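K.L.:
Please see the structure below; I have some questions.
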Amino acid sequence: MRILFIGDILGHPGRRIVKDALPLLRQELQPDLVLANAENAAAGFGITPALVEELLDLDIAVLTSGNHIWDKKEIYPYFRDQVNGRLLRPANYPPDAPGRGLYLGKTPAGIDYAVINLQGRVFMPALDCPFRKADELLRSIPEEVKIRIIDMHAEATSEKQALGWYMDGRVTAVLGTHTHVPTADETILPQGTAYLTDLGMTGPYESIIGMDRQAVIQRFLDQMPARFEVAKGDVRFSGVLLEADTETGRAISIQRILRRG
Ligand SMILES: [Fe+2]
């Protein structure tokens, strides 16, 4: 089967290019399953229930997130009320946090799959251990669910690589998000897990990780609080296409996907 995973969709420019590019990409790449990280969909900070629905309406099966998931307060009750569970937050938040970090689904063709969302702890809030949380979640997934995709939302490359190697042979893919800069290290690890440190951002690249440059530079210069706006220039769609063996869950290929708006 083929899985398209879209990197961090950022603000209106990111949502726009997904809307524009996805129909053509579906024709070209023929994915059986489309997933996306959408924690920055609402003007770069969090996501609202309306934007969740907007993205799910594009036939994106599951939305993952990360540290920014709590930025829009409307998302708290949404997590409590959502019936389909298709918006995830990192699984290793303490158990009292609303929402879940694991989704079990079936493609229209009837292929079972699992999506796990985790968050790193290096240069990030001190959540529960993502490694042990991954172990725990894998134990809970039925044996027949072979396709298992992890979004590791983390700052440090080392932590993402460590999780990739730790999961090798146990999941189909470990894909990194959060840093917004696509990396060129896509690989299939020896036991069959596809790995990429960062999917890249789907949003404006003439920016500092998606935000207007001037305010970010100013904050580095004067260390004062500043309001960041989403940038506009050089909008790109960034993600990855995986091919996986549905019998074994092993990855067959991993290819970076980049489109310019
Ligand atoms: Fe993030």
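Naming works like this for the structure tokens: A, B, ... for the chains as they're shown, residue 1 at the start of each chain, ligands 1 onward in shown order.
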Enumerate as a PDB file with N, CA and C atoms, in the first residue's frame the residues within 12 Å of ligand 1, counting only C-alpha atoms and all ligand atoms.

P.N.:
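Below you can see selection.pdb, which holds the result:
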ATOM      1  N   GLY A   7       3.872  16.940   5.737  1.00  0.00           N
ATOM      2  CA  GLY A   7       4.571  17.609   6.836  1.00  0.00           C
ATOM      3  C   GLY A   7       3.798  18.829   7.330  1.00  0.00           C
ATOM      4  N   ASP A   8       4.118  19.265   8.543  1.00  0.00           N
ATOM      5  CA  ASP A   8       3.428  20.333   9.290  1.00  0.00           C
ATOM      6  C   ASP A   8       2.735  21.373   8.401  1.00  0.00           C
ATOM      7  N   ILE A   9       1.423  21.313   8.368  1.00  0.00           N
ATOM      8  CA  ILE A   9       0.630  22.270   7.570  1.00  0.00           C
ATOM      9  C   ILE A   9       0.555  23.577   8.357  1.00  0.00           C
ATOM     10  N   LEU A  10       1.139  24.646   7.794  1.00  0.00           N
ATOM     11  CA  LEU A  10       1.258  25.887   8.560  1.00  0.00           C
ATOM     12  C   LEU A  10       0.365  27.001   8.015  1.00  0.00           C
ATOM     13  N   ASN A  37       0.463  16.199   9.609  1.00  0.00           N
ATOM     14  CA  ASN A  37       0.623  16.892  10.888  1.00  0.00           C
ATOM     15  C   ASN A  37       0.044  18.294  10.714  1.00  0.00           C
ATOM     16  N   ALA A  38      -0.852  18.678  11.623  1.00  0.00           N
ATOM     17  CA  ALA A  38      -1.593  19.938  11.435  1.00  0.00           C
ATOM     18  C   ALA A  38      -1.573  20.817  12.679  1.00  0.00           C
ATOM     19  N   GLU A  39      -0.532  20.687  13.506  1.00  0.00           N
ATOM     20  CA  GLU A  39      -0.561  21.431  14.778  1.00  0.00           C
ATOM     21  C   GLU A  39      -0.405  22.942  14.587  1.00  0.00           C
ATOM     22  N   ASN A  40       0.055  23.371  13.416  1.00  0.00           N
ATOM     23  CA  ASN A  40       0.244  24.803  13.164  1.00  0.00           C
ATOM     24  C   ASN A  40      -0.741  25.333  12.124  1.00  0.00           C
ATOM     25  N   ALA A  41      -1.850  24.639  11.952  1.00  0.00           N
ATOM     26  CA  ALA A  41      -2.782  24.999  10.872  1.00  0.00           C
ATOM     27  C   ALA A  41      -3.484  26.337  11.117  1.00  0.00           C
ATOM     28  N   GLY A  44      -0.381  29.362  12.387  1.00  0.00           N
ATOM     29  CA  GLY A  44       0.919  28.979  12.921  1.00  0.00           C
ATOM     30  C   GLY A  44       0.885  28.466  14.354  1.00  0.00           C
ATOM     31  N   PHE A  45      -0.266  28.571  15.005  1.00  0.00           N
ATOM     32  CA  PHE A  45      -0.337  28.166  16.411  1.00  0.00           C
ATOM     33  C   PHE A  45      -1.593  27.354  16.688  1.00  0.00           C
ATOM     34  N   GLY A  46      -1.456  26.053  16.758  1.00  0.00           N
ATOM     35  CA  GLY A  46      -2.587  25.201  17.106  1.00  0.00           C
ATOM     36  C   GLY A  46      -3.532  24.974  15.942  1.00  0.00           C
ATOM     37  N   ILE A  47      -4.681  24.430  16.291  1.00  0.00           N
ATOM     38  CA  ILE A  47      -5.707  24.132  15.283  1.00  0.00           C
ATOM     39  C   ILE A  47      -7.074  24.278  15.944  1.00  0.00           C
ATOM     40  N   THR A  64      -2.107  14.460  12.906  1.00  0.00           N
ATOM     41  CA  THR A  64      -1.254  14.397  14.095  1.00  0.00           C
ATOM     42  C   THR A  64      -0.921  15.830  14.520  1.00  0.00           C
ATOM     43  N   SER A  65      -0.267  15.945  15.686  1.00  0.00           N
ATOM     44  CA  SER A  65       0.017  17.296  16.181  1.00  0.00           C
ATOM     45  C   SER A  65       1.294  17.273  17.017  1.00  0.00           C
ATOM     46  N   GLY A  66       1.355  18.167  18.009  1.00  0.00           N
ATOM     47  CA  GLY A  66       2.562  18.273  18.814  1.00  0.00           C
ATOM     48  C   GLY A  66       2.368  19.289  19.917  1.00  0.00           C
ATOM     49  N   ASN A  67       3.443  19.964  20.273  1.00  0.00           N
ATOM     50  CA  ASN A  67       3.432  20.881  21.416  1.00  0.00           C
ATOM     51  C   ASN A  67       2.448  22.041  21.255  1.00  0.00           C
ATOM     52  N   HIS A  68       2.148  22.424  20.009  1.00  0.00           N
ATOM     53  CA  HIS A  68       1.230  23.558  19.803  1.00  0.00           C
ATOM     54  C   HIS A  68      -0.249  23.170  19.839  1.00  0.00           C
ATOM     55  N   ILE A  69      -0.532  21.907  20.079  1.00  0.00           N
ATOM     56  CA  ILE A  69      -1.918  21.452  19.978  1.00  0.00           C
ATOM     57  C   ILE A  69      -2.842  22.160  20.978  1.00  0.00           C
ATOM     58  N   TRP A  70      -2.261  22.671  22.065  1.00  0.00           N
ATOM     59  CA  TRP A  70      -3.097  23.287  23.111  1.00  0.00           C
ATOM     60  C   TRP A  70      -3.294  24.785  22.901  1.00  0.00           C
ATOM     61  N   ASP A  71      -2.734  25.357  21.825  1.00  0.00           N
ATOM     62  CA  ASP A  71      -2.753  26.816  21.664  1.00  0.00           C
ATOM     63  C   ASP A  71      -4.159  27.390  21.515  1.00  0.00           C
ATOM     64  N   ARG A  89      -3.193  13.940  19.612  1.00  0.00           N
ATOM     65  CA  ARG A  89      -2.163  14.745  20.298  1.00  0.00           C
ATOM     66  C   ARG A  89      -1.078  13.745  20.711  1.00  0.00           C
ATOM     67  N   PRO A  90       0.122  14.246  21.030  1.00  0.00           N
ATOM     68  CA  PRO A  90       1.171  13.294  21.384  1.00  0.00           C
ATOM     69  C   PRO A  90       0.725  12.368  22.525  1.00  0.00           C
ATOM     70  N   ASN A 117       1.221   9.124  17.579  1.00  0.00           N
ATOM     71  CA  ASN A 117       1.812  10.470  17.664  1.00  0.00           C
ATOM     72  C   ASN A 117       2.595  10.557  18.977  1.00  0.00           C
ATOM     73  N   LEU A 118       3.867  10.917  18.879  1.00  0.00           N
ATOM     74  CA  LEU A 118       4.714  11.048  20.074  1.00  0.00           C
ATOM     75  C   LEU A 118       5.397  12.408  20.049  1.00  0.00           C
ATOM     76  N   GLN A 119       5.862  12.846  21.190  1.00  0.00           N
ATOM     77  CA  GLN A 119       6.614  14.102  21.248  1.00  0.00           C
ATOM     78  C   GLN A 119       7.930  13.882  21.985  1.00  0.00           C
ATOM     79  N   GLY A 120       8.991  14.499  21.464  1.00  0.00           N
ATOM     80  CA  GLY A 120      10.299  14.382  22.085  1.00  0.00           C
ATOM     81  C   GLY A 120      10.387  15.185  23.371  1.00  0.00           C
ATOM     82  N   ARG A 121      11.472  14.948  24.117  1.00  0.00           N
ATOM     83  CA  ARG A 121      11.656  15.632  25.408  1.00  0.00           C
ATOM     84  C   ARG A 121      12.935  16.471  25.453  1.00  0.00           C
ATOM     85  N   PHE A 123      14.966  19.620  24.668  1.00  0.00           N
ATOM     86  CA  PHE A 123      14.622  21.030  24.379  1.00  0.00           C
ATOM     87  C   PHE A 123      13.116  21.223  24.233  1.00  0.00           C
ATOM     88  N   MET A 124      12.339  20.410  24.921  1.00  0.00           N
ATOM     89  CA  MET A 124      10.874  20.482  24.852  1.00  0.00           C
ATOM     90  C   MET A 124      10.324  20.177  26.245  1.00  0.00           C
ATOM     91  N   PRO A 125       9.012  20.374  26.466  1.00  0.00           N
ATOM     92  CA  PRO A 125       8.460  20.081  27.786  1.00  0.00           C
ATOM     93  C   PRO A 125       8.725  18.626  28.212  1.00  0.00           C
ATOM     94  N   ASP A 151       4.442   9.410  14.048  1.00  0.00           N
ATOM     95  CA  ASP A 151       4.895  10.797  13.895  1.00  0.00           C
ATOM     96  C   ASP A 151       5.626  11.150  15.187  1.00  0.00           C
ATOM     97  N   MET A 152       6.948  11.339  15.074  1.00  0.00           N
ATOM     98  CA  MET A 152       7.764  11.716  16.237  1.00  0.00           C
ATOM     99  C   MET A 152       8.011  13.221  16.141  1.00  0.00           C
ATOM    100  N   HIS A 153       7.247  13.962  16.943  1.00  0.00           N
ATOM    101  CA  HIS A 153       7.287  15.422  16.899  1.00  0.00           C
ATOM    102  C   HIS A 153       8.354  15.881  17.888  1.00  0.00           C
ATOM    103  N   ALA A 154       9.522  16.244  17.383  1.00  0.00           N
ATOM    104  CA  ALA A 154      10.636  16.493  18.300  1.00  0.00           C
ATOM    105  C   ALA A 154      11.620  17.491  17.724  1.00  0.00           C
ATOM    106  N   GLU A 155      12.351  18.106  18.626  1.00  0.00           N
ATOM    107  CA  GLU A 155      13.326  19.138  18.273  1.00  0.00           C
ATOM    108  C   GLU A 155      14.672  18.515  17.875  1.00  0.00           C
ATOM    109  N   ALA A 156      15.105  17.541  18.648  1.00  0.00           N
ATOM    110  CA  ALA A 156      16.472  17.029  18.486  1.00  0.00           C
ATOM    111  C   ALA A 156      16.529  15.870  17.496  1.00  0.00           C
ATOM    112  N   GLY A 176       9.709  12.210  11.349  1.00  0.00           N
ATOM    113  CA  GLY A 176       9.862  13.349  12.242  1.00  0.00           C
ATOM    114  C   GLY A 176       9.103  14.568  11.753  1.00  0.00           C
ATOM    115  N   THR A 177       8.598  15.334  12.720  1.00  0.00           N
ATOM    116  CA  THR A 177       7.976  16.631  12.423  1.00  0.00           C
ATOM    117  C   THR A 177       8.478  17.630  13.477  1.00  0.00           C
ATOM    118  N   HIS A 178       8.021  18.869  13.374  1.00  0.00           N
ATOM    119  CA  HIS A 178       8.253  19.957  14.330  1.00  0.00           C
ATOM    120  C   HIS A 178       9.324  20.953  13.904  1.00  0.00           C
ATOM    121  N   THR A 179      10.425  20.497  13.298  1.00  0.00           N
ATOM    122  CA  THR A 179      11.500  21.450  13.012  1.00  0.00           C
ATOM    123  C   THR A 179      11.281  22.215  11.705  1.00  0.00           C
ATOM    124  N   HIS A 180      10.329  21.761  10.890  1.00  0.00           N
ATOM    125  CA  HIS A 180       9.859  22.502   9.713  1.00  0.00           C
ATOM    126  C   HIS A 180      10.860  22.609   8.567  1.00  0.00           C
ATOM    127  N   VAL A 181      11.992  21.959   8.686  1.00  0.00           N
ATOM    128  CA  VAL A 181      12.977  21.993   7.598  1.00  0.00           C
ATOM    129  C   VAL A 181      13.166  20.563   7.112  1.00  0.00           C
ATOM    130  N   ASP A 198      12.941  14.735   9.308  1.00  0.00           N
ATOM    131  CA  ASP A 198      11.895  15.769   9.271  1.00  0.00           C
ATOM    132  C   ASP A 198      11.200  15.812   7.918  1.00  0.00           C
ATOM    133  N   GLY A 200       9.507  18.154   6.798  1.00  0.00           N
ATOM    134  CA  GLY A 200       9.450  19.514   6.247  1.00  0.00           C
ATOM    135  C   GLY A 200       8.086  20.116   6.478  1.00  0.00           C
ATOM    136  N   MET A 201       8.041  21.417   6.334  1.00  0.00           N
ATOM    137  CA  MET A 201       6.791  22.152   6.550  1.00  0.00           C
ATOM    138  C   MET A 201       6.039  22.290   5.236  1.00  0.00           C
ATOM    139  N   ILE A 209      11.111  29.353   9.935  1.00  0.00           N
ATOM    140  CA  ILE A 209      10.231  28.203  10.181  1.00  0.00           C
ATOM    141  C   ILE A 209       8.732  28.530  10.024  1.00  0.00           C
ATOM    142  N   GLY A 210       8.436  29.325   8.993  1.00  0.00           N
ATOM    143  CA  GLY A 210       7.045  29.584   8.632  1.00  0.00           C
ATOM    144  C   GLY A 210       6.538  30.960   9.029  1.00  0.00           C
TER     145      GLY A 210
END

K.L.:
Residues of range 14-261 of chain A classed as strand (DSSP E) by DSSP on the backbone are to be reported as a ChimeraX atom specification.

P.N.:
/A:33-37,62-64,102-106,112-119,147-153,173-177,187-188,194-196,203-206,233-244,251-260

K.L.:
With only C-alpha atoms as the counted atoms, please give the residues lying no more than 7 Å from Phe79 in chain A, apart from itself and same-chain residues fewer than 4 positions off, as a tab-separated table (two decimals) with all heavy atoms, in the first residue's frame.

P.N.:
chain	number	residue	atom	x	y	z
A	75	ILE	N	-9.95	23.53	21.26
A	75	ILE	CA	-9.59	22.16	20.92
A	75	ILE	C	-9.76	21.22	22.13
A	75	ILE	O	-9.92	20.02	21.96
A	75	ILE	CB	-8.16	22.10	20.32
A	75	ILE	CG1	-8.10	21.05	19.21
A	75	ILE	CG2	-7.09	21.87	21.36
A	75	ILE	CD1	-8.89	21.33	17.99
A	98	PRO	N	-6.59	15.89	27.63
A	98	PRO	CA	-7.65	15.42	26.73
A	98	PRO	C	-7.06	14.83	25.46
A	98	PRO	O	-5.96	15.20	25.05
A	98	PRO	CB	-8.46	16.69	26.42
A	98	PRO	CG	-7.75	17.83	27.05
A	98	PRO	CD	-6.57	17.34	27.81
A	99	GLY	N	-7.81	13.95	24.85
A	99	GLY	CA	-7.39	13.40	23.56
A	99	GLY	C	-6.57	12.14	23.70
A	99	GLY	O	-6.29	11.66	24.80

K.L.:
Let me make sure I understand: among A:Val240, A:Leu58, A:Ile141, A:Leu127, which one has the smallest atom-to-atom distance to Leu102 in chain A if we use only C-alpha atoms?

P.N.:
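Selected residue with least distance to Leu102 in chain A: A:Ile141.
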
K.L.:
Determine the nearest neighbour of Lys160 in chain A from the options A:Met224, A:Leu196, A:Ala126, A:Leu138, counting only C-alpha atoms.

P.N.:
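When distances to Lys160 in chain A are compared using only C-alpha atoms, the smallest one comes from A:Leu196.
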
K.L.:
Where in range 47-254 of chain A does DSSP assign helix (DSSP H, G or I), given as a ChimeraX atom specification?

P.N.:
/A:49-56,67-70,75-81,130-140,157-167,213-222

K.L.:
Mind checking which residues fall within 12 Å of Arg259 in chain A, counting only C-alpha atoms, ignoring those fewer than 6 positions away in the same chain, and posting them as a VMD selection string?

P.N.:
chain A and resid 6 to 7 14 17 to 18 20 to 22 24 to 25 200 to 205 234 to 240

K.L.:
Got a sec: who's within 12 Å of range 253-255 of chain A, counting only C-alpha atoms, leaving out chain neighbours fewer than 2 positions off, as a ChimeraX atom specification?

P.N.:
/A:1-5,29,172-175,183-189,192-196,199,238-245,250-251,257-258

K.L.:
Output C-alpha atoms for every residue in the selection just made, as a PDB file, in the first residue's frame.

P.N.:
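Below you can see again.pdb, which holds the result:
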ATOM      1  CA  MET A   1       0.000   0.000   0.000  1.00  0.00           C
ATOM      2  CA  ARG A   2       1.000   3.603  -0.455  1.00  0.00           C
ATOM      3  CA  ILE A   3       0.876   6.213   2.293  1.00  0.00           C
ATOM      4  CA  LEU A   4       1.291   9.945   1.807  1.00  0.00           C
ATOM      5  CA  PHE A   5       2.268  11.798   4.990  1.00  0.00           C
ATOM      6  CA  LEU A  29       0.943   9.058  -6.385  1.00  0.00           C
ATOM      7  CA  THR A 172       6.321   0.635   9.224  1.00  0.00           C
ATOM      8  CA  ALA A 173       7.732   4.134   9.607  1.00  0.00           C
ATOM      9  CA  VAL A 174       9.083   6.681  12.061  1.00  0.00           C
ATOM     10  CA  LEU A 175       8.684  10.157  10.574  1.00  0.00           C
ATOM     11  CA  THR A 183      15.888  16.610   5.870  1.00  0.00           C
ATOM     12  CA  ALA A 184      17.451  14.414   3.178  1.00  0.00           C
ATOM     13  CA  ASP A 185      18.094  11.301   5.278  1.00  0.00           C
ATOM     14  CA  GLU A 186      15.179   9.139   4.172  1.00  0.00           C
ATOM     15  CA  THR A 187      16.092   5.492   4.549  1.00  0.00           C
ATOM     16  CA  ILE A 188      14.772   2.055   5.286  1.00  0.00           C
ATOM     17  CA  LEU A 189      16.412   0.675   8.406  1.00  0.00           C
ATOM     18  CA  GLY A 192      12.198  -2.691   7.511  1.00  0.00           C
ATOM     19  CA  THR A 193      11.203   0.564   9.224  1.00  0.00           C
ATOM     20  CA  ALA A 194      11.193   3.636   6.992  1.00  0.00           C
ATOM     21  CA  TYR A 195      12.783   6.659   8.644  1.00  0.00           C
ATOM     22  CA  LEU A 196      13.060  10.388   7.940  1.00  0.00           C
ATOM     23  CA  LEU A 199       9.067  15.777   6.746  1.00  0.00           C
ATOM     24  CA  SER A 238       6.390  18.918   1.770  1.00  0.00           C
ATOM     25  CA  GLY A 239       5.910  15.321   2.796  1.00  0.00           C
ATOM     26  CA  VAL A 240       6.786  11.756   2.092  1.00  0.00           C
ATOM     27  CA  LEU A 241       5.385   8.830   0.141  1.00  0.00           C
ATOM     28  CA  LEU A 242       5.809   5.403   1.691  1.00  0.00           C
ATOM     29  CA  GLU A 243       5.216   2.066   0.094  1.00  0.00           C
ATOM     30  CA  ALA A 244       4.641  -0.776   2.521  1.00  0.00           C
ATOM     31  CA  ASP A 245       4.014  -4.511   2.457  1.00  0.00           C
ATOM     32  CA  ARG A 250       7.628  -3.543   6.430  1.00  0.00           C
ATOM     33  CA  ALA A 251       8.412  -0.485   4.358  1.00  0.00           C
ATOM     34  CA  ILE A 257       7.636  14.750  -1.974  1.00  0.00           C
ATOM     35  CA  LEU A 258       8.090  18.476  -2.581  1.00  0.00           C
TER      36      LEU A 258
END

K.L.:
If I take CA of Met167 in chain A and CA of Ile60 in chain A, how far is one from the other in Å, to one decimal?

P.N.:
24.9 Å
